[in-house]
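Have a look at input26.tsv; it's TSV, C-alpha atoms (C1' of nucleotides):
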```tsv
chain	number	residue	atom	x	y	z
A	1	MET	CA	-20.50	42.70	-33.42
A	2	GLY	CA	-18.12	40.23	-32.01
A	3	PRO	CA	-14.39	40.64	-32.17
A	4	THR	CA	-13.17	41.27	-35.68
A	5	ARG	CA	-10.26	39.42	-37.10
A	6	HIS	CA	-7.95	42.24	-36.16
A	7	ASP	CA	-8.80	41.82	-32.52
A	8	LEU	CA	-7.73	38.24	-32.39
A	9	LEU	CA	-4.30	37.40	-31.14
A	10	THR	CA	-2.17	34.36	-31.80
A	11	ILE	CA	-0.75	32.62	-28.79
A	12	GLY	CA	2.63	34.13	-29.55
A	13	GLN	CA	1.20	37.62	-29.62
A	14	LEU	CA	-0.70	37.05	-26.42
A	15	ALA	CA	2.44	35.66	-24.84
A	16	ALA	CA	4.39	38.75	-25.89
A	17	ARG	CA	1.74	41.11	-24.56
A	18	SER	CA	1.10	39.31	-21.33
A	19	GLY	CA	4.67	38.40	-20.56
A	20	LEU	CA	3.73	34.78	-20.13
A	21	ALA	CA	5.16	31.92	-22.13
A	22	PRO	CA	2.90	30.23	-24.66
A	23	SER	CA	3.20	27.07	-22.61
A	24	ALA	CA	1.83	28.95	-19.61
A	25	LEU	CA	-1.11	30.18	-21.65
A	26	ARG	CA	-1.93	26.68	-22.80
A	27	TYR	CA	-1.66	25.60	-19.20
A	28	TYR	CA	-4.06	28.36	-18.14
A	29	GLU	CA	-6.47	27.13	-20.74
A	30	ARG	CA	-6.31	23.61	-19.42
A	31	MET	CA	-6.99	25.02	-15.98
A	32	GLY	CA	-10.05	26.78	-17.31
A	33	LEU	CA	-8.73	30.28	-16.75
A	34	ILE	CA	-8.82	31.45	-20.34
A	35	SER	CA	-10.24	30.19	-23.59
A	36	ALA	CA	-9.65	30.71	-27.28
A	37	GLU	CA	-11.33	30.36	-30.60
A	38	ARG	CA	-9.67	28.12	-33.14
A	39	THR	CA	-8.74	28.70	-36.73
A	40	ALA	CA	-9.65	26.16	-39.39
A	41	GLY	CA	-6.17	24.77	-38.83
A	42	ASN	CA	-6.78	24.37	-35.08
A	43	GLN	CA	-4.60	27.22	-33.93
A	44	ARG	CA	-5.71	29.35	-31.01
A	45	ARG	CA	-6.96	32.88	-31.52
A	46	TYR	CA	-7.51	34.99	-28.46
A	47	ALA	CA	-9.93	37.84	-27.94
A	48	ARG	CA	-8.49	40.97	-26.46
A	49	ALA	CA	-10.48	40.50	-23.26
A	50	THR	CA	-8.21	37.56	-22.57
A	51	LEU	CA	-5.51	40.03	-21.66
A	52	ARG	CA	-7.71	41.33	-18.89
A	53	ARG	CA	-8.38	37.86	-17.61
A	54	ILE	CA	-4.68	37.16	-17.53
A	55	ALA	CA	-4.04	40.41	-15.71
A	56	PHE	CA	-6.58	39.33	-13.16
A	57	VAL	CA	-5.02	35.92	-12.71
A	58	ARG	CA	-1.55	37.34	-12.30
A	59	ALA	CA	-2.82	39.84	-9.79
A	60	ALA	CA	-4.59	37.05	-7.94
A	61	GLN	CA	-1.35	35.13	-7.77
A	62	ARG	CA	0.40	38.14	-6.31
A	63	VAL	CA	-2.21	38.23	-3.60
A	64	GLY	CA	-1.48	34.62	-2.90
A	65	LEU	CA	-4.28	32.77	-4.63
A	66	SER	CA	-3.72	29.53	-6.41
A	67	LEU	CA	-4.81	29.25	-10.02
A	68	GLU	CA	-7.77	27.23	-8.86
A	69	GLU	CA	-8.83	30.02	-6.52
A	70	ALA	CA	-8.21	32.55	-9.25
A	71	ARG	CA	-10.51	30.60	-11.50
A	72	THR	CA	-13.24	30.69	-8.89
A	73	ALA	CA	-12.82	34.41	-8.43
A	74	LEU	CA	-12.74	34.93	-12.17
A	75	ASP	CA	-16.07	33.20	-12.54
A	76	ARG	CA	-17.62	36.03	-10.58
A	77	LEU	CA	-16.45	38.71	-12.97
A	78	PRO	CA	-17.87	39.44	-16.43
A	79	GLU	CA	-16.18	37.54	-19.18
A	80	ASP	CA	-16.19	40.02	-21.99
A	81	ARG	CA	-16.01	43.46	-20.48
A	82	ALA	CA	-14.06	45.26	-17.81
A	83	PRO	CA	-15.53	44.76	-14.36
A	84	SER	CA	-17.48	47.61	-12.88
A	85	THR	CA	-16.02	49.45	-9.94
A	86	ALA	CA	-18.43	47.64	-7.66
A	87	GLU	CA	-17.54	44.24	-9.04
A	88	TRP	CA	-13.87	44.85	-8.83
A	89	SER	CA	-13.98	46.46	-5.46
A	90	ALA	CA	-15.72	43.41	-3.99
A	91	VAL	CA	-12.79	41.33	-5.12
A	92	ALA	CA	-10.19	43.88	-4.12
A	93	VAL	CA	-11.54	44.19	-0.61
A	94	THR	CA	-11.22	40.47	-0.12
A	95	TRP	CA	-7.70	40.52	-1.39
A	96	HIS	CA	-6.98	43.44	0.85
A	97	GLU	CA	-8.03	41.37	3.81
A	98	ARG	CA	-5.84	38.52	2.76
A	99	ILE	CA	-2.85	40.77	2.55
A	100	ASP	CA	-3.63	42.27	5.92
A	101	ARG	CA	-3.78	38.83	7.42
A	102	GLN	CA	-0.47	37.93	5.90
A	103	ILE	CA	1.12	41.09	7.21
A	104	GLU	CA	-0.35	40.47	10.61
A	105	GLU	CA	1.19	37.05	10.77
A	106	LEU	CA	4.55	38.36	9.71
A	107	GLU	CA	4.36	41.03	12.40
A	108	LEU	CA	3.58	38.37	14.93
A	109	LEU	CA	6.48	36.30	13.72
A	110	LYS	CA	8.73	39.31	14.00
A	111	ARG	CA	7.68	39.98	17.56
A	112	LYS	CA	8.29	36.39	18.52
A	113	LEU	CA	11.62	36.47	16.83
A	114	THR	CA	12.58	39.56	18.78
A	115	GLY	CA	11.57	37.81	21.95
A	116	CYS	CA	13.77	34.91	21.00
A	117	ILE	CA	16.79	37.13	20.70
A	118	GLY	CA	16.32	37.81	24.36
A	119	CYS	CA	15.70	34.28	25.45
A	120	GLY	CA	18.08	32.46	23.17
A	121	CYS	CA	16.38	29.26	24.13
A	122	LEU	CA	15.41	27.71	20.84
A	123	SER	CA	13.85	24.86	22.69
A	124	LEU	CA	10.94	23.11	21.16
A	125	SER	CA	8.81	23.43	24.22
A	126	ARG	CA	9.64	26.98	25.13
A	127	CYS	CA	10.67	28.88	22.02
A	128	ALA	CA	7.91	31.27	21.09
A	129	LEU	CA	9.17	31.42	17.54
A	130	TYR	CA	8.89	27.74	17.04
A	131	ASN	CA	5.68	27.44	18.91
A	132	ALA	CA	4.01	30.46	17.43
A	133	GLY	CA	0.56	29.15	18.13
A	134	ASP	CA	-1.18	30.87	15.32
A	135	ARG	CA	-3.04	29.42	12.41
A	136	ALA	CA	-0.04	29.53	10.17
A	137	ALA	CA	2.00	27.31	12.40
A	138	ALA	CA	-0.80	24.90	13.06
A	139	ALA	CA	-2.01	24.83	9.50
A	140	GLY	CA	-2.26	21.48	7.84
A	141	PRO	CA	-0.98	20.29	4.50
A	142	GLY	CA	-2.84	23.06	2.75
A	143	ALA	CA	-0.90	25.78	4.49
A	144	ARG	CA	1.42	27.82	2.39
A	145	TYR	CA	3.47	30.89	2.76
A	146	LEU	CA	3.82	33.72	0.38
A	147	LEU	CA	7.49	34.33	0.26
A	148	THR	CA	9.45	36.80	-1.75
A	149	ARG	CA	12.99	36.04	-2.55
A	150	ASP	CA	15.68	37.82	-4.55
A	151	PRO	CA	15.06	37.34	-8.26
A	152	ALA	CA	18.49	35.83	-8.72
A	153	GLY	CA	17.64	33.03	-6.34
A	154	GLY	CA	15.89	29.85	-7.24
A	155	PRO	CA	12.23	29.02	-6.86
A	156	GLU	CA	10.98	28.81	-3.37
A	157	PRO	CA	7.84	27.12	-2.27
A	158	GLY	CA	6.87	27.77	1.27
A	159	PRO	CA	7.30	25.32	4.10
A	160	ALA	CA	4.84	22.53	3.84
A	161	GLU	CA	4.10	22.60	7.56
A	162	GLY	CA	2.62	19.18	7.08
A	163	THR	CA	1.40	17.52	10.18
A	164	GLY	CA	0.81	14.22	8.62
B	1	MET	CA	29.96	13.78	29.62
B	2	GLY	CA	28.36	12.63	26.47
B	3	PRO	CA	24.74	11.70	26.21
B	4	THR	CA	23.82	8.69	28.28
B	5	ARG	CA	21.51	6.07	26.94
B	6	HIS	CA	18.57	7.81	28.58
B	7	ASP	CA	19.21	10.89	26.56
B	8	LEU	CA	18.96	9.12	23.26
B	9	LEU	CA	15.68	9.18	21.44
B	10	THR	CA	14.36	6.77	18.86
B	11	ILE	CA	13.06	8.27	15.67
B	12	GLY	CA	9.52	7.69	16.85
B	13	GLN	CA	10.16	9.53	20.10
B	14	LEU	CA	11.83	12.40	18.29
B	15	ALA	CA	8.93	12.52	15.89
B	16	ALA	CA	6.46	12.69	18.76
B	17	ARG	CA	8.40	15.43	20.49
B	18	SER	CA	9.11	17.53	17.46
B	19	GLY	CA	5.77	17.09	15.80
B	20	LEU	CA	7.43	15.92	12.60
B	21	ALA	CA	6.85	12.59	10.94
B	22	PRO	CA	9.64	10.03	11.06
B	23	SER	CA	9.87	10.28	7.31
B	24	ALA	CA	10.50	14.00	7.63
B	25	LEU	CA	13.28	13.37	10.13
B	26	ARG	CA	14.94	10.91	7.78
B	27	TYR	CA	14.57	13.47	5.05
B	28	TYR	CA	16.18	16.12	7.23
B	29	GLU	CA	19.04	13.75	7.81
B	30	ARG	CA	19.54	13.22	4.10
B	31	MET	CA	19.54	16.99	3.72
B	32	GLY	CA	22.27	17.25	6.32
B	33	LEU	CA	20.17	19.11	8.85
B	34	ILE	CA	20.34	16.58	11.63
B	35	SER	CA	22.29	13.44	12.37
B	36	ALA	CA	21.96	10.40	14.55
B	37	GLU	CA	24.00	7.70	16.16
B	38	ARG	CA	23.13	4.15	15.26
B	39	THR	CA	22.46	1.13	17.40
B	40	ALA	CA	24.18	-2.16	16.68
B	41	GLY	CA	21.06	-3.00	14.69
B	42	ASN	CA	21.34	0.16	12.58
B	43	GLN	CA	18.50	2.05	14.16
B	44	ARG	CA	18.81	5.80	14.68
B	45	ARG	CA	19.30	7.24	18.13
B	46	TYR	CA	19.08	10.97	18.49
B	47	ALA	CA	20.77	13.19	21.04
B	48	ARG	CA	18.53	15.67	22.76
B	49	ALA	CA	20.29	18.58	21.07
B	50	THR	CA	18.66	17.37	17.88
B	51	LEU	CA	15.41	18.81	19.16
B	52	ARG	CA	17.01	22.23	19.22
B	53	ARG	CA	18.28	21.84	15.68
B	54	ILE	CA	14.83	20.89	14.53
B	55	ALA	CA	13.35	23.86	16.33
B	56	PHE	CA	15.81	26.04	14.49
B	57	VAL	CA	14.98	24.53	11.14
B	58	ARG	CA	11.25	24.92	11.64
B	59	ALA	CA	11.73	28.49	12.74
B	60	ALA	CA	13.87	29.12	9.69
B	61	GLN	CA	11.10	27.76	7.51
B	62	ARG	CA	8.64	30.10	9.10
B	63	VAL	CA	10.89	32.97	8.21
B	64	GLY	CA	10.84	31.73	4.65
B	65	LEU	CA	14.13	29.92	4.32
B	66	SER	CA	14.47	26.72	2.36
B	67	LEU	CA	15.94	23.68	4.08
B	68	GLU	CA	19.13	24.29	2.19
B	69	GLU	CA	19.34	27.81	3.56
B	70	ALA	CA	18.45	26.54	6.99
B	71	ARG	CA	21.34	24.13	6.76
B	72	THR	CA	23.71	26.95	5.93
B	73	ALA	CA	22.42	29.01	8.83
B	74	LEU	CA	22.61	26.02	11.09
B	75	ASP	CA	26.26	25.58	10.27
B	76	ARG	CA	26.91	28.89	11.97
B	77	LEU	CA	25.48	27.77	15.27
B	78	PRO	CA	27.07	25.37	17.77
B	79	GLU	CA	26.07	21.78	17.30
B	80	ASP	CA	25.82	20.54	20.81
B	81	ARG	CA	24.80	23.45	22.97
B	82	ALA	CA	22.29	26.25	22.92
B	83	PRO	CA	23.52	29.26	20.97
B	84	SER	CA	24.77	32.25	22.91
B	85	THR	CA	22.74	35.41	22.79
B	86	ALA	CA	25.25	36.89	20.38
B	87	GLU	CA	25.19	33.89	18.08
B	88	TRP	CA	21.46	33.75	18.01
B	89	SER	CA	20.98	37.44	17.65
B	90	ALA	CA	23.16	37.51	14.55
B	91	VAL	CA	20.83	35.02	12.95
B	92	ALA	CA	17.69	36.65	14.27
B	93	VAL	CA	18.63	40.04	12.91
B	94	THR	CA	18.97	38.57	9.45
B	95	TRP	CA	15.62	36.91	9.72
B	96	HIS	CA	14.14	40.12	11.02
B	97	GLU	CA	15.28	41.85	7.87
B	98	ARG	CA	13.75	39.19	5.69
B	99	ILE	CA	10.44	39.56	7.41
B	100	ASP	CA	10.58	43.32	7.09
B	101	ARG	CA	11.19	43.00	3.39
B	102	GLN	CA	8.26	40.65	3.02
B	103	ILE	CA	6.01	43.01	4.93
B	104	GLU	CA	7.20	45.92	2.84
B	105	GLU	CA	6.29	44.16	-0.36
B	106	LEU	CA	2.88	43.25	0.95
B	107	GLU	CA	2.28	46.85	1.94
B	108	LEU	CA	3.23	47.93	-1.54
B	109	LEU	CA	0.92	45.37	-3.02
B	110	LYS	CA	-1.86	46.60	-0.79
B	111	ARG	CA	-1.38	50.18	-1.88
B	112	LYS	CA	-1.45	49.19	-5.53
B	113	LEU	CA	-4.51	47.12	-4.94
B	114	THR	CA	-6.24	50.08	-3.32
B	115	GLY	CA	-5.36	52.17	-6.32
B	116	CYS	CA	-6.86	49.55	-8.55
B	117	ILE	CA	-10.16	49.76	-6.75
B	118	GLY	CA	-10.30	53.30	-7.94
B	119	CYS	CA	-9.17	52.67	-11.47
B	120	GLY	CA	-10.96	49.41	-12.08
B	121	CYS	CA	-8.86	49.02	-15.16
B	122	LEU	CA	-7.29	45.64	-14.82
B	123	SER	CA	-5.47	46.23	-18.03
B	124	LEU	CA	-2.13	44.66	-18.53
B	125	SER	CA	-0.51	47.89	-19.56
B	126	ARG	CA	-2.04	50.16	-16.98
B	127	CYS	CA	-3.01	48.17	-13.93
B	128	ALA	CA	-0.61	49.03	-11.14
B	129	LEU	CA	-1.39	45.80	-9.38
B	130	TYR	CA	-0.39	43.71	-12.30
B	131	ASN	CA	2.56	45.87	-13.18
B	132	ALA	CA	3.86	46.33	-9.67
B	133	GLY	CA	7.38	46.99	-10.78
B	134	ASP	CA	9.16	45.58	-7.80
B	135	ARG	CA	11.48	42.67	-7.63
B	136	ALA	CA	8.73	40.29	-6.75
B	137	ALA	CA	6.72	41.11	-9.81
B	138	ALA	CA	9.66	41.32	-12.14
B	139	ALA	CA	11.21	38.14	-10.88
B	140	GLY	CA	11.02	35.38	-13.40
B	141	PRO	CA	9.84	31.86	-12.93
B	142	GLY	CA	11.77	31.76	-9.71
B	143	ALA	CA	9.66	34.30	-7.91
B	144	ARG	CA	7.45	32.93	-5.22
B	145	TYR	CA	5.41	34.24	-2.42
B	146	LEU	CA	5.08	33.21	1.12
B	147	LEU	CA	1.39	32.76	1.46
B	148	THR	CA	-0.62	31.86	4.46
B	149	ARG	CA	-3.72	29.97	3.76
B	150	ASP	CA	-6.37	29.04	6.23
B	151	PRO	CA	-6.19	25.62	7.80
B	152	ALA	CA	-8.96	23.16	7.17
B	153	GLY	CA	-11.21	24.40	9.92
B	154	GLY	CA	-10.71	28.08	9.35
B	155	PRO	CA	-12.87	30.66	7.65
B	156	GLU	CA	-13.20	30.45	3.89
B	157	PRO	CA	-10.43	32.27	2.09
B	158	GLY	CA	-12.75	32.57	-0.86
B	159	PRO	CA	-12.06	35.62	-2.96
B	160	ALA	CA	-14.77	38.20	-3.37
B	161	GLU	CA	-16.73	36.57	-0.62
B	162	GLY	CA	-19.71	38.50	0.59
B	163	THR	CA	-17.90	41.78	0.65
B	164	GLY	CA	-19.87	43.48	-2.04
C	1	DC	C1'	11.50	-18.03	21.70
C	2	DT	C1'	7.84	-15.79	19.62
C	3	DG	C1'	5.18	-12.16	17.99
C	4	DC	C1'	4.59	-7.75	16.66
C	5	DA	C1'	5.29	-2.78	16.74
C	6	DA	C1'	8.67	0.08	15.31
C	7	DG	C1'	12.62	0.53	12.73
C	8	DT	C1'	15.44	0.14	8.12
C	9	DT	C1'	16.19	1.03	2.92
C	10	DG	C1'	15.61	2.93	-1.88
C	11	DA	C1'	12.30	4.11	-5.10
C	12	DA	C1'	8.39	6.29	-6.42
C	13	DG	C1'	4.42	9.39	-5.68
C	14	DT	C1'	2.33	14.14	-4.46
C	15	DC	C1'	1.33	19.03	-5.13
C	16	DG	C1'	1.32	23.55	-8.08
C	17	DG	C1'	2.76	25.91	-11.84
C	18	DC	C1'	4.77	25.58	-15.15
C	19	DT	C1'	8.71	24.14	-19.01
C	20	DT	C1'	10.62	21.02	-22.26
C	21	DC	C1'	10.45	17.59	-25.68
C	22	DA	C1'	9.28	14.90	-29.74
C	23	DG	C1'	6.96	14.55	-33.62
C	24	DG	C1'	3.77	16.46	-36.57
C	25	DT	C1'	0.78	20.62	-38.73
C	26	DC	C1'	-0.31	25.42	-40.18
C	27	DA	C1'	0.35	30.15	-42.04
C	28	DA	C1'	2.53	33.15	-44.67
C	29	DG	C1'	6.44	35.37	-47.35
C	30	DC	C1'	8.86	34.86	-51.65
D	1	DG	C1'	4.93	25.71	-54.46
D	2	DC	C1'	8.32	25.83	-51.11
D	3	DT	C1'	10.42	27.06	-47.08
D	4	DT	C1'	10.44	28.62	-42.59
D	5	DG	C1'	8.85	29.73	-38.36
D	6	DA	C1'	4.96	29.60	-35.45
D	7	DC	C1'	1.77	26.45	-33.74
D	8	DC	C1'	-0.37	21.87	-32.31
D	9	DT	C1'	-0.58	17.65	-29.01
D	10	DG	C1'	0.36	14.59	-25.12
D	11	DA	C1'	3.80	13.09	-22.14
D	12	DA	C1'	7.41	13.83	-19.28
D	13	DG	C1'	10.43	16.68	-16.40
D	14	DC	C1'	11.43	20.13	-12.67
D	15	DC	C1'	11.53	22.21	-8.04
D	16	DG	C1'	11.12	21.56	-2.71
D	17	DA	C1'	9.55	19.18	1.05
D	18	DC	C1'	7.92	15.65	2.07
D	19	DT	C1'	4.89	11.03	2.16
D	20	DT	C1'	4.02	6.44	0.81
D	21	DC	C1'	5.25	1.87	-0.47
D	22	DA	C1'	7.29	-2.68	-0.40
D	23	DA	C1'	10.18	-5.68	1.48
D	24	DC	C1'	12.90	-6.58	5.11
D	25	DT	C1'	15.20	-6.24	10.11
D	26	DT	C1'	15.33	-4.89	15.20
D	27	DG	C1'	14.00	-4.47	19.75
D	28	DC	C1'	11.41	-5.63	23.43
D	29	DA	C1'	7.32	-7.69	26.10
D	30	DG	C1'	5.55	-11.84	27.46
```

This entry written out as structure tokens:
Amino acid sequence: MGPTRHDLLTIGQLAARSGLAPSALRYYERMGLISAERTAGNQRRYARATLRRIAFVRAAQRVGLSLEEARTALDRLPEDRAPSTAEWSAVAVTWHERIDRQIEELELLKRKLTGCIGCGCLSLSRCALYNAGDRAAAAGPGARYLLTRDPAGGPEPGPAEGTG
Amino acid sequence: MGPTRHDLLTIGQLAARSGLAPSALRYYERMGLISAERTAGNQRRYARATLRRIAFVRAAQRVGLSLEEARTALDRLPEDRAPSTAEWSAVAVTWHERIDRQIEELELLKRKLTGCIGCGCLSLSRCALYNAGDRAAAAGPGARYLLTRDPAGGPEPGPAEGTG
DNA sequence: CTGCAAGTTGAAGTCGGCTTCAGGTCAAGC
DNA sequence: GCTTGACCTGAAGCCGACTTCAACTTGCAG
């Protein structure tokens, strides 16, 4: 028994339940994150499991993954049922590590910043804050930061730290 | 005395010393972050203090500020000399707070993630990770994270990698 | 004086994650 | 059967922080 008609959601219903805009859902579909059946009239109808996939994607984003990375991670989980504890915990542990790394780097930044209060130098060659020689600082065009700002504020992509 | 000719840097020299591309320096100028004198032939010549301004901007970016915010912060520091300890510490304290907030949110996220390992639910309505009711989660389209990704050479950030 | 690297400009392109728009179609209540 | 609102599509726009491009000018070594 596949999903009955009652289990299928229109894009509007899915949008309401997931908190995402219909346009975002269509975008997710283009990105290969979710999929939908179609009615005879070509309208999307989503299975309930789609809600779980969306939950996963949103969680992945919170951890700092791009949609592309989320898609990769998603491919490792079952499509039509809730992941087992083992399956989910494998993912969660990885995410945990990511978060720890991010926190670590922020701690480092904080320490350097504190040092800079003392030195007041702000020179390119000497300032520890500027020269923080960690991966984040040296990271190429792919490097991004996960930054939280006040909701009232505008969007805020991280520094591009591009080296060329 | 003002800067002598020897103290003035071409855009290429400034780029080499700051690690930024010339195009980025021109962009910073358009954004009002730095400025330059011009030669008779209209080429930019930068005072050495510009290096300090750039250092400040890059540091600001690391803390998660946009260039616009960096400009605002920059306006509070002296243009032609190193900031005093008091001046710098006022700025640094603010940045410190930002970092602390970011760390706090990551810690929260981590706790929720840990909880999710136990529950394995990943349901939109119940998953604490998805529903993390803090500002970051609730923030609309403007919400962004400051995410550190591995540079090209680094270890794979692949989710769910070999942790199972 | 010549030759060429390095500089100049404005305009357009890039990336990610969407939103918005225009113009047309579908589903369902009355 | 008609109306209305939800849905469809592809294309374009948006944000920030840049880069890239084309076409042209400067500055300096030889």

Only residues of chain A matter here; which ones have an atom within 9 Å of chain C, counting all atoms listed in the file? Give them as a ChimeraX atom specification. /A:23-24,27,41-43,66-67

Keeping C-alpha atoms for every residue in the selection just given, could you write it to a file as a compact mmCIF listing (two decimals), keeping the file's coordinate frame?
```txt
# COMPACT_ATOMS: atom_id res chain seq x y z
CA SER A 23 3.20 27.07 -22.61
CA ALA A 24 1.83 28.95 -19.61
CA TYR A 27 -1.66 25.60 -19.20
CA GLY A 41 -6.17 24.77 -38.83
CA ASN A 42 -6.78 24.37 -35.08
CA GLN A 43 -4.60 27.22 -33.93
CA SER A 66 -3.72 29.53 -6.41
CA LEU A 67 -4.81 29.25 -10.02
```

Any idea what's packed within 10 Å of B:Arg76, counting only C-alpha atoms (C1' of nucleotides), ignoring anything in its chain fewer than 4 positions away? Could you give it as a ChimeraX atom specification? /B:71-72,83,87-88,90-91

Counting all atoms listed in the file, chain D residues within 8 Å of chain B, as a count of residues only: 4

Ranking B:Gly19, B:Thr94, B:Ala70, B:Leu33 by minimum distance to chain A and counting only C-alpha atoms, which one comes first? B:Gly19

Take atom CA of A:Leu74 and atom CA of B:Arg101 and report the distance between them in Å, one decimal. 29.7 Å

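Atom CA of B:Asp75 is found 17.2 Å from atom CA of B:Val63.
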
Which residues, written as a ChimeraX atom specification, have at least one atom at most 8 Å from A:Ala49, with all atoms listed in the file counted and residues fewer than 6 positions away on the same chain left out? /A:79-81

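Comparing B:Arg45, B:Arg26, B:Arg52, B:Lys112 by their smallest distance to chain A, the closest is B:Arg52 (using all atoms listed in the file).
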
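Pairwise distance (atom CA of B:Ala47, atom CA of B:Leu8) equals 5.0 Å.
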
Block slice chain C, C-alpha atoms (C1' of nucleotides), emitted as a tab-separated table (two decimals), in the first residue's frame:
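The resulting file, selection_21.tsv, is shown below:
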```
chain	number	residue	atom	x	y	z
C	1	DC	C1'	61.16	56.98	-27.60
C	2	DT	C1'	59.45	52.55	-27.22
C	3	DG	C1'	57.51	48.68	-25.17
C	4	DC	C1'	55.14	46.56	-21.80
C	5	DA	C1'	53.58	45.66	-17.11
C	6	DA	C1'	50.62	47.73	-14.19
C	7	DG	C1'	47.15	50.93	-13.70
C	8	DT	C1'	42.32	53.04	-14.96
C	9	DT	C1'	37.07	52.71	-15.79
C	10	DG	C1'	32.21	50.89	-15.89
C	11	DA	C1'	29.67	46.96	-16.78
C	12	DA	C1'	28.75	42.41	-16.24
C	13	DG	C1'	29.47	37.82	-14.18
C	14	DT	C1'	29.71	34.54	-9.98
C	15	DC	C1'	27.90	31.96	-6.05
C	16	DG	C1'	23.84	30.12	-3.00
C	17	DG	C1'	19.33	30.18	-1.83
C	18	DC	C1'	15.89	31.70	-2.78
C	19	DT	C1'	11.79	35.30	-4.45
C	20	DT	C1'	9.24	37.61	-7.93
C	21	DC	C1'	7.12	38.04	-12.27
C	22	DA	C1'	4.43	37.21	-16.41
C	23	DG	C1'	1.48	34.58	-18.66
C	24	DG	C1'	-1.04	30.57	-18.76
C	25	DT	C1'	-3.55	26.14	-16.50
C	26	DC	C1'	-6.03	23.40	-12.94
C	27	DA	C1'	-9.29	22.28	-9.16
C	28	DA	C1'	-13.13	23.00	-6.82
C	29	DG	C1'	-17.20	25.59	-4.78
C	30	DC	C1'	-21.60	27.41	-6.14
```
